[in-house]
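Colleague: What follows is a structure written as structure tokens; I'll ask about it next.
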Amino acid sequence: MTAGKKSTKPTILITGLNGYLAGRTAELVLKAGYRVRGTVRTKEAGQRVKDALCRLGYSTKDVDLVVISHLCRHGSLDLAAQGCFAIFHLAFPIGDIWTLPPAEVMRLAVESTENILHTAVKAGNSLQSVVVVSSAAAVFDMPFENRIYTENDWNTTSEDIVREKGDEAGGFHAYLASKTAAEKVFWKFREENKPSFAMTTLLPTYFIGPPLVPWGSPDEIPYSNSDFWKVVAGQEVPGPMMIYGDTIDIRDVARMLLWSALHPEKSDGERFICSSAVGGGQAIADILSKQLPSLKIQHGDPGSGYSSNYKPKHGTGGFDDTKAVLATGEDWIPYEHSVVDMALFLQRYLPHGNGNA
């Protein structure tokens, strides 16, 4: 592209570009031949993502950064969305669910979603799709039941618990309520406004997989990847995750985001659970013992606590991934591949000599 000439590539707007999922999503969008416009709270956070994408060979001209401190502010996204082909709403204040009042977490999630939709209406005829990353948290109540959840299920209690108990509702219900309330607003908008653009939500389980931008230290590794770090670091093999054990590689969620935007005839009006495997600490230890034997890991109780196909064990709760797999015609990244990729990535945090880093 010559200097001064405007790119003809379609642009996809990604909110929260510096997030764990967003980096890999931006990478896939660029690989598919589109431009990325990403919102960030600070230019520095966005620049780290942009630099990482450029190191992969993508042009700096194909990555725009838009600093927006508050996604809830009415009209804050209007300029950023102009001329975009699709909007991927990924931003969520995950770090705030344990510090902000639950009602405030819910308000932020709902109002940011409303703002995205109001912006989409004004974005112009080029906009074909809005895809929101909701959560598997929007399909179940607490306590988690020993059954398989589908896209037809909803959380029906957490919003009321937040309203009735206030700060005492806690972080879990703050998260469940915020994801549920925001998604309800999303679907209500579609029903009442019948927009020209397609609308889709994704319901991922715990995120795993290597991020685009490395975390600053092991302390920044998110909870969903804590089992991987404990095993790679040679700590005691951890027990089950909180609530459930289902996971999904972020690269698969990125693929679902792009697929949803490119196939509105199949994705419009649909919810898609994204959940590929139930492994856990023991499964990770067993896989790495075979695949990366030079790692100094503890072996725990090999073969225990998980199924050989990494699906929910009989009599335990989990999520049905059939709809997404059938719609796309593509299966998820094999769990063993995600485990090895994650371990190779995490070795950078090991002290010298602990493994083959």
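Residues in the structure tokens are numbered from 1 in each chain, the chains being A, B, ... in the order shown, and ligands are numbered from 1 in the order shown.
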Region 297-313 of chain A: which residues within 6 Å, counting only C-alpha atoms, same-chain residues fewer than 6 positions away excluded, as a list in words?
Modeller: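 The filter keeps Val231, Gly234, Val237, Ala277, Val278 and Gly279 of chain A.
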Colleague: Write a file of the selected residues as a PDB file, in the first residue's frame, keeping all heavy atoms.
Modeller:
ATOM      1  N   VAL A 231       1.989 -26.900  37.511  1.00  0.00           N
ATOM      2  CA  VAL A 231       2.616 -28.137  37.027  1.00  0.00           C
ATOM      3  C   VAL A 231       3.975 -27.835  36.402  1.00  0.00           C
ATOM      4  O   VAL A 231       4.977 -28.496  36.716  1.00  0.00           O
ATOM      5  CB  VAL A 231       1.698 -28.850  36.014  1.00  0.00           C
ATOM      6  CG1 VAL A 231       2.431 -30.028  35.370  1.00  0.00           C
ATOM      7  CG2 VAL A 231       0.423 -29.329  36.693  1.00  0.00           C
ATOM      8  N   GLY A 234       6.793 -27.186  38.742  1.00  0.00           N
ATOM      9  CA  GLY A 234       7.212 -28.280  39.607  1.00  0.00           C
ATOM     10  C   GLY A 234       6.520 -28.316  40.944  1.00  0.00           C
ATOM     11  O   GLY A 234       6.960 -29.010  41.866  1.00  0.00           O
ATOM     12  N   VAL A 237       0.784 -31.283  42.105  1.00  0.00           N
ATOM     13  CA  VAL A 237      -0.269 -31.325  41.090  1.00  0.00           C
ATOM     14  C   VAL A 237      -1.567 -30.822  41.707  1.00  0.00           C
ATOM     15  O   VAL A 237      -2.043 -31.362  42.705  1.00  0.00           O
ATOM     16  CB  VAL A 237      -0.456 -32.748  40.550  1.00  0.00           C
ATOM     17  CG1 VAL A 237      -1.634 -32.803  39.575  1.00  0.00           C
ATOM     18  CG2 VAL A 237       0.822 -33.220  39.858  1.00  0.00           C
ATOM     19  N   ALA A 277     -12.516 -29.082  26.272  1.00  0.00           N
ATOM     20  CA  ALA A 277     -11.889 -30.171  27.038  1.00  0.00           C
ATOM     21  C   ALA A 277     -11.992 -29.953  28.539  1.00  0.00           C
ATOM     22  O   ALA A 277     -11.993 -28.820  29.018  1.00  0.00           O
ATOM     23  CB  ALA A 277     -10.417 -30.300  26.644  1.00  0.00           C
ATOM     24  N   VAL A 278     -12.070 -31.074  29.247  1.00  0.00           N
ATOM     25  CA  VAL A 278     -11.975 -31.083  30.713  1.00  0.00           C
ATOM     26  C   VAL A 278     -10.719 -31.870  31.064  1.00  0.00           C
ATOM     27  O   VAL A 278     -10.670 -33.088  30.905  1.00  0.00           O
ATOM     28  CB  VAL A 278     -13.207 -31.742  31.354  1.00  0.00           C
ATOM     29  CG1 VAL A 278     -13.071 -31.733  32.885  1.00  0.00           C
ATOM     30  CG2 VAL A 278     -14.483 -31.038  30.945  1.00  0.00           C
ATOM     31  N   GLY A 279      -9.717 -31.153  31.483  1.00  0.00           N
ATOM     32  CA  GLY A 279      -8.461 -31.813  31.823  1.00  0.00           C
ATOM     33  C   GLY A 279      -8.142 -31.642  33.289  1.00  0.00           C
ATOM     34  O   GLY A 279      -8.524 -32.431  34.130  1.00  0.00           O
TER      35      GLY A 279
END
Colleague: May I have a table of the residues of region 126-207 of chain A lying at most 9 Å from region 268-274 of chain A, giving each one's closest pair of atoms and their distance in Å to one decimal, counting only C-alpha atoms, ordered by chain and ascending residue number, as JSON lines?
Modeller:
{"residue": "A:Ser129", "atom": "CA", "partner": "A:Asp268", "partner_atom": "CA", "distance": 8.2}
{"residue": "A:Ser135", "atom": "CA", "partner": "A:Ile273", "partner_atom": "CA", "distance": 8.1}
{"residue": "A:Ala136", "atom": "CA", "partner": "A:Ile273", "partner_atom": "CA", "distance": 6.8}
{"residue": "A:Thr150", "atom": "CA", "partner": "A:Ile273", "partner_atom": "CA", "distance": 7.2}
{"residue": "A:Glu151", "atom": "CA", "partner": "A:Arg271", "partner_atom": "CA", "distance": 6.1}
{"residue": "A:Asn152", "atom": "CA", "partner": "A:Arg271", "partner_atom": "CA", "distance": 8.6}
{"residue": "A:Trp187", "atom": "CA", "partner": "A:Gly269", "partner_atom": "CA", "distance": 8.0}
{"residue": "A:Arg190", "atom": "CA", "partner": "A:Gly269", "partner_atom": "CA", "distance": 8.0}
{"residue": "A:Phe197", "atom": "CA", "partner": "A:Asp268", "partner_atom": "CA", "distance": 8.3}
{"residue": "A:Ala198", "atom": "CA", "partner": "A:Asp268", "partner_atom": "CA", "distance": 4.7}
{"residue": "A:Met199", "atom": "CA", "partner": "A:Asp268", "partner_atom": "CA", "distance": 5.0}
{"residue": "A:Thr200", "atom": "CA", "partner": "A:Glu270", "partner_atom": "CA", "distance": 5.3}
{"residue": "A:Thr201", "atom": "CA", "partner": "A:Arg271", "partner_atom": "CA", "distance": 4.9}
{"residue": "A:Leu202", "atom": "CA", "partner": "A:Phe272", "partner_atom": "CA", "distance": 4.9}
{"residue": "A:Leu203", "atom": "CA", "partner": "A:Ile273", "partner_atom": "CA", "distance": 4.5}
{"residue": "A:Pro204", "atom": "CA", "partner": "A:Cys274", "partner_atom": "CA", "distance": 4.4}
{"residue": "A:Thr205", "atom": "CA", "partner": "A:Cys274", "partner_atom": "CA", "distance": 6.4}
Colleague: Print the selection's residues with N, CA, C and O atoms to a file, as an mmCIF file, in the first residue's frame.
Modeller:
data_model
loop_
_atom_site.group_PDB
_atom_site.id
_atom_site.type_symbol
_atom_site.label_atom_id
_atom_site.label_comp_id
_atom_site.auth_asym_id
_atom_site.auth_seq_id
_atom_site.Cartn_x
_atom_site.Cartn_y
_atom_site.Cartn_z
ATOM 1 N N SER A 129 -21.872 -7.281 11.180
ATOM 2 C CA SER A 129 -22.017 -8.209 12.303
ATOM 3 C C SER A 129 -21.505 -7.610 13.607
ATOM 4 O O SER A 129 -20.515 -6.871 13.616
ATOM 5 N N SER A 135 -20.346 -15.544 28.243
ATOM 6 C CA SER A 135 -19.623 -16.530 29.050
ATOM 7 C C SER A 135 -20.514 -17.726 29.323
ATOM 8 O O SER A 135 -21.753 -17.603 29.354
ATOM 9 N N ALA A 136 -19.889 -18.869 29.547
ATOM 10 C CA ALA A 136 -20.634 -20.038 30.019
ATOM 11 C C ALA A 136 -21.316 -19.734 31.344
ATOM 12 O O ALA A 136 -22.290 -20.398 31.717
ATOM 13 N N THR A 150 -26.571 -26.552 27.861
ATOM 14 C CA THR A 150 -26.600 -26.189 26.443
ATOM 15 C C THR A 150 -26.911 -24.705 26.293
ATOM 16 O O THR A 150 -27.152 -23.998 27.289
ATOM 17 N N GLU A 151 -26.964 -24.260 25.057
ATOM 18 C CA GLU A 151 -27.283 -22.861 24.764
ATOM 19 C C GLU A 151 -28.711 -22.497 25.153
ATOM 20 O O GLU A 151 -29.042 -21.307 25.224
ATOM 21 N N ASN A 152 -29.530 -23.469 25.400
ATOM 22 C CA ASN A 152 -30.909 -23.194 25.818
ATOM 23 C C ASN A 152 -31.023 -22.851 27.295
ATOM 24 O O ASN A 152 -32.079 -22.406 27.758
ATOM 25 N N TRP A 187 -29.863 -9.449 23.478
ATOM 26 C CA TRP A 187 -30.930 -10.133 22.739
ATOM 27 C C TRP A 187 -32.243 -9.331 22.737
ATOM 28 O O TRP A 187 -33.006 -9.385 21.774
ATOM 29 N N ARG A 190 -31.986 -6.901 19.904
ATOM 30 C CA ARG A 190 -32.226 -7.527 18.597
ATOM 31 C C ARG A 190 -33.722 -7.728 18.355
ATOM 32 O O ARG A 190 -34.230 -7.465 17.261
ATOM 33 N N PHE A 197 -27.694 -5.610 10.813
ATOM 34 C CA PHE A 197 -26.481 -6.405 11.035
ATOM 35 C C PHE A 197 -26.793 -7.663 11.844
ATOM 36 O O PHE A 197 -27.753 -7.707 12.620
ATOM 37 N N ALA A 198 -25.982 -8.692 11.653
ATOM 38 C CA ALA A 198 -26.141 -9.947 12.389
ATOM 39 C C ALA A 198 -25.670 -9.773 13.826
ATOM 40 O O ALA A 198 -24.780 -8.962 14.113
ATOM 41 N N MET A 199 -26.270 -10.528 14.744
ATOM 42 C CA MET A 199 -25.915 -10.461 16.163
ATOM 43 C C MET A 199 -25.702 -11.875 16.708
ATOM 44 O O MET A 199 -26.552 -12.750 16.524
ATOM 45 N N THR A 200 -24.567 -12.073 17.370
ATOM 46 C CA THR A 200 -24.177 -13.400 17.856
ATOM 47 C C THR A 200 -23.499 -13.260 19.205
ATOM 48 O O THR A 200 -22.802 -12.277 19.461
ATOM 49 N N THR A 201 -23.691 -14.257 20.088
ATOM 50 C CA THR A 201 -22.933 -14.296 21.337
ATOM 51 C C THR A 201 -22.179 -15.623 21.444
ATOM 52 O O THR A 201 -22.676 -16.672 21.019
ATOM 53 N N LEU A 202 -20.996 -15.552 22.016
ATOM 54 C CA LEU A 202 -20.189 -16.735 22.308
ATOM 55 C C LEU A 202 -20.150 -16.938 23.810
ATOM 56 O O LEU A 202 -20.054 -15.969 24.582
ATOM 57 N N LEU A 203 -20.215 -18.201 24.231
ATOM 58 C CA LEU A 203 -20.265 -18.554 25.642
ATOM 59 C C LEU A 203 -19.091 -19.461 25.988
ATOM 60 O O LEU A 203 -19.233 -20.683 26.118
ATOM 61 N N PRO A 204 -17.905 -18.889 26.130
ATOM 62 C CA PRO A 204 -16.726 -19.712 26.408
ATOM 63 C C PRO A 204 -16.625 -20.132 27.869
ATOM 64 O O PRO A 204 -17.124 -19.450 28.773
ATOM 65 N N THR A 205 -15.957 -21.270 28.073
ATOM 66 C CA THR A 205 -15.622 -21.728 29.417
ATOM 67 C C THR A 205 -14.259 -21.129 29.793
ATOM 68 O O THR A 205 -13.868 -20.089 29.266
#
Colleague: Can you list, as an MDAnalysis selection string, all residues belonging to region 95-324 of chain A that DSSP tags as strand (DSSP E or B)?
Modeller: chainID A and resid 129:133 148:149 198:204 206:208 246:249 270:274 277:278 318:319
Colleague: If you count only C-alpha atoms, which residues fall within 8 Å of Gly209 (chain A), apart from same-chain ones fewer than 4 positions away, as a list in words?
Modeller: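 Contacts, in chain order: Asp249, Ile250, Arg251, Ser338, Val339, Asp341 and Met342 of chain A.
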Colleague: Point out the residue among A:Ile243, A:Val131, A:Ile14, A:Ile148 with the least atom-to-atom distance to Thr322 (chain A), counting only C-alpha atoms.
Modeller: A:Ile148
